[in-house]
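Participant: To be precise about what I am sending: the file is called protein-v3.cif and holds mmCIF, C-alpha atoms.
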data_work
loop_
_atom_site.label_atom_id
_atom_site.label_comp_id
_atom_site.auth_asym_id
_atom_site.auth_seq_id
_atom_site.Cartn_x
_atom_site.Cartn_y
_atom_site.Cartn_z
CA MET F 1397 223.06 175.75 99.54
CA ALA F 1398 222.28 177.40 96.20
CA ASP F 1399 223.54 174.32 94.33
CA GLN F 1400 221.14 172.10 96.28
CA ASP F 1401 218.18 174.34 95.40
CA GLN F 1402 218.97 174.07 91.69
CA ASP F 1403 218.75 170.27 91.89
CA LEU F 1404 215.24 170.35 93.35
CA VAL F 1405 212.38 169.87 90.90
CA ASP F 1406 208.78 170.70 91.73
CA VAL F 1407 206.77 167.67 90.55
CA ASP F 1408 202.99 167.50 90.41
CA PRO F 1409 202.22 163.75 90.28
CA TYR F 1410 198.55 164.43 89.50
CA ASN F 1411 199.28 166.43 86.35
CA PRO F 1412 199.42 163.96 83.43
CA ASP F 1413 201.23 166.55 81.28
CA ASP F 1414 204.13 166.76 83.74
CA SER F 1415 206.95 164.79 82.14
CA SER F 1416 209.37 164.93 85.08
CA LEU F 1417 208.31 161.48 86.35
CA PRO F 1418 209.53 158.41 84.46
CA VAL F 1419 206.81 156.69 82.42
CA PHE F 1420 206.91 152.96 81.77
CA ARG F 1421 204.79 151.05 79.29
CA TRP F 1422 202.85 147.96 80.32
CA LYS F 1423 205.14 145.25 81.76
CA GLN F 1424 208.25 147.38 81.19
CA ALA F 1425 208.71 148.57 84.78
CA GLY F 1426 211.11 145.76 85.58
CA ARG F 1427 212.24 147.29 88.85
CA ASP F 1428 211.91 145.15 91.93
CA ASN F 1429 211.45 148.13 94.27
CA LEU F 1430 208.37 149.67 92.56
CA ALA F 1431 204.74 148.67 92.97
CA THR F 1432 201.26 150.04 92.33
CA ARG F 1433 198.79 150.67 95.17
CA ARG F 1434 197.06 147.38 94.40
CA GLN F 1435 200.35 145.48 94.48
CA LEU F 1436 201.25 147.16 97.78
CA ARG F 1437 197.87 146.17 99.22
CA GLU F 1438 198.46 142.54 98.21
CA MET F 1439 201.75 142.70 100.14
CA GLY F 1440 199.99 144.10 103.21
CA LEU F 1441 201.46 147.57 102.65
CA ARG F 1442 200.29 151.11 101.84
CA PRO F 1443 202.14 154.08 100.30
CA GLY F 1444 202.37 155.74 103.71
CA GLY F 1445 202.40 159.36 102.56
CA GLN F 1446 205.12 159.03 99.93
CA GLU F 1447 204.65 160.64 96.52
CA PRO F 1448 204.65 158.45 93.39
CA VAL F 1449 208.07 158.00 91.81
CA ALA F 1450 206.96 156.79 88.38
CA ARG F 1451 203.96 155.97 86.27
CA ILE F 1452 203.01 152.86 84.31
CA GLU F 1453 200.71 153.20 81.29
CA CYS F 1454 198.63 150.81 79.24
CA ARG F 1455 196.11 151.04 76.40
CA GLY F 1456 198.14 153.69 74.63
CA GLY F 1457 198.36 155.95 77.68
CA LYS F 1458 194.60 156.01 78.28
CA ARG F 1459 194.98 154.10 81.56
CA PHE F 1460 197.78 154.48 84.05
CA ALA F 1461 198.81 153.69 87.62
CA TRP F 1462 201.25 155.38 89.94
CA LEU F 1463 204.30 153.45 91.09
CA TYR F 1464 205.57 153.72 94.67
CA ARG F 1465 208.79 152.58 96.31
CA ILE F 1466 208.29 149.39 98.29
CA ASP F 1467 211.08 150.15 100.74
CA LEU F 1468 209.29 153.37 101.82
CA ALA F 1469 205.86 151.73 102.12
CA ARG F 1470 204.31 151.19 105.54
CA PRO F 1471 202.14 148.37 106.87
CA LYS F 1472 198.39 148.60 106.27
CA LEU F 1473 196.39 149.90 109.19
CA PRO F 1474 194.30 147.22 110.89
CA MET F 1475 190.51 147.24 110.65
CA THR F 1476 188.98 148.48 113.91
CA LEU F 1477 185.42 148.01 115.10
CA ALA F 1478 184.72 151.70 114.51
CA LYS F 1479 186.03 151.51 110.92
CA GLU F 1480 184.02 148.36 110.29
CA ALA F 1481 180.84 150.00 111.63
CA ALA F 1482 181.40 153.10 109.48
CA LEU F 1483 181.99 150.95 106.39
CA ASP F 1484 178.83 148.92 107.08
CA LYS F 1485 176.81 152.13 107.48
CA ALA F 1486 178.13 153.50 104.18
CA MET F 1487 177.44 150.25 102.35
CA ALA F 1488 173.93 150.05 103.85
CA ALA F 1489 173.15 153.44 102.31
CA ARG F 1490 174.13 152.10 98.87
CA GLN F 1491 172.46 148.70 99.28
CA THR F 1492 169.12 149.61 100.93
CA CYS F 1493 166.13 150.44 98.76
CA PRO F 1494 164.53 153.75 99.76
CA GLY F 1495 161.28 152.57 98.11
CA PRO F 1496 158.37 150.86 99.82
CA CYS F 1497 160.10 147.47 100.07
CA GLY F 1498 163.01 148.76 102.22
CA ARG F 1499 165.14 145.68 101.48
CA ARG F 1500 168.91 145.60 101.89
CA TYR F 1501 170.50 143.88 98.91
CA PHE F 1502 173.86 142.11 98.78
CA HIS F 1503 174.90 144.42 95.91
CA CYS F 1504 174.80 148.17 95.35
CA LEU F 1505 171.58 149.53 93.88
CA PRO F 1506 171.35 151.96 90.94
CA LEU F 1507 170.08 154.75 93.19
CA LYS F 1508 171.45 157.59 91.05
CA THR F 1509 169.70 156.41 87.89
CA LEU F 1510 166.62 154.52 89.10
CA GLY F 1511 166.24 155.75 92.67
CA SER F 1512 165.23 152.33 93.98
CA CYS F 1513 165.55 148.60 93.39
CA LEU F 1514 164.20 147.14 90.13
CA GLU F 1515 161.16 145.66 91.83
CA CYS F 1516 160.08 149.05 93.21
CA PHE F 1517 161.03 150.82 89.96
CA ASP F 1518 159.30 148.67 87.34
CA GLY F 1519 157.99 145.55 89.08
CA THR F 1520 160.80 143.17 88.04
CA PRO F 1521 160.74 140.50 90.76
CA ALA F 1522 163.87 140.24 92.87
CA ASP F 1523 165.46 136.91 93.70
CA PRO F 1524 164.98 136.31 97.46
CA ALA F 1525 168.60 135.12 97.66
CA THR F 1526 169.84 138.63 96.73
CA TYR F 1527 168.47 140.60 99.67
CA ILE F 1528 167.75 140.64 103.38
CA ALA F 1529 164.13 141.34 104.21
CA PRO F 1530 163.62 144.40 106.41
CA PRO F 1531 162.51 143.79 109.99
CA ALA F 1532 158.76 143.64 110.54
CA LYS F 1533 157.05 146.85 111.72
CA HIS F 1534 156.15 145.38 115.13
CA GLN F 1535 159.82 144.39 115.73
CA LEU F 1536 160.95 147.98 115.23
CA ALA F 1537 158.68 149.27 118.01
CA ALA F 1538 160.03 146.85 120.62
#
Now, as a test, write the supplied structure out as structure tokens.

Facilitator:
Amino acid sequence: MADQDQDLVDVDPYNPDDSSLPVFRWKQAGRDNLATRRQLREMGLRPGGQEPVARIECRGGKRFAWLYRIDLARPKLPMTLAKEAALDKAMAARQTCPGPCGRRYFHCLPLKTLGSCLECFDGTPADPATYIAPPAKHQLAA
């Protein structure tokens, strides 16, 4: 039992200074059983609770991605109506102008920097093809 404990290594995958995980340079991780989260998603998989087993770096180590074992990955969870409703509610908060226009745009608004859409902020006219007009006041009361 003591011999097994000596073989165990405590790895912190979120510590970039921890050198116990193998590090591959860009396009050098030629292993068929490793994939990034994005690659797993394209295959219809997710990491499924497993810890990363390696790291791939690019741009001189300034950018990196964790590598996961494909054989331990699990299928992606299906989208449910409740998840879809929650996602729509979250996106509506990012896409709806809190200003007087109250429009919901098809893109996220710069609410942290401007606090509203460009039209409410400085009068720059918005293209009508980029938003959904809010319902009329009399429709809300019905």

Participant: Place a sphere of radius 12 Å on (199.9, 145.0, 106.0) in the file coordinates and name every protein, DNA or RNA residue with an atom inside or on its surface, counting all atoms listed in the file; give the answer as a ChimeraX atom specification.

Facilitator: /F:1435-1444,1469-1475

Participant: So that all listed atoms of stretch 1464-1483 of chain F fit with 8 Å spare on each side, what axis-aligned box centre and edge lengths in Å, to one decimal, would you give as AutoDock Vina command-line options?

Facilitator:
--center_x 196.0 --center_y 150.5 --center_z 104.9 --size_x 46.2 --size_y 22.5 --size_z 36.4

Participant: Just want the 8 Å neighbourhood of F:Phe1420, counted on only C-alpha atoms, with same-chain residues fewer than 2 positions away dropped. Output as a list in words.

Facilitator: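 Once the adjacent positions are removed, what remains is Pro1418, Trp1422, Lys1423, Gln1424, Ala1425, Ala1450, Arg1451, Ile1452 and Glu1453 of chain F.
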
Participant: Could you jot down the atom CA of F:Glu1515 to atom CA of F:Ala1532 separation for me, Å, one decimal place?

Facilitator: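 One can read the atom CA of F:Glu1515 to atom CA of F:Ala1532 distance as 19.0 Å.
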
Participant: As a check of understanding, name the residues that the PyMOL selection byres ((chain F and resi 1463) around 8) selects in the supplied structure, as a PDB file with C-alpha atoms, in the coordinates of the input.

Facilitator:
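This is the output file expr_21.pdb:
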ATOM      1  CA  LEU F1430     208.370 149.670  92.560  1.00  0.00           C
ATOM      2  CA  ALA F1431     204.740 148.670  92.970  1.00  0.00           C
ATOM      3  CA  THR F1432     201.260 150.040  92.330  1.00  0.00           C
ATOM      4  CA  ARG F1433     198.790 150.670  95.170  1.00  0.00           C
ATOM      5  CA  PRO F1448     204.650 158.450  93.390  1.00  0.00           C
ATOM      6  CA  VAL F1449     208.070 158.000  91.810  1.00  0.00           C
ATOM      7  CA  ALA F1450     206.960 156.790  88.380  1.00  0.00           C
ATOM      8  CA  ARG F1451     203.960 155.970  86.270  1.00  0.00           C
ATOM      9  CA  ILE F1452     203.010 152.860  84.310  1.00  0.00           C
ATOM     10  CA  ALA F1461     198.810 153.690  87.620  1.00  0.00           C
ATOM     11  CA  TRP F1462     201.250 155.380  89.940  1.00  0.00           C
ATOM     12  CA  TYR F1464     205.570 153.720  94.670  1.00  0.00           C
ATOM     13  CA  ARG F1465     208.790 152.580  96.310  1.00  0.00           C
TER      14      ARG F1465
END
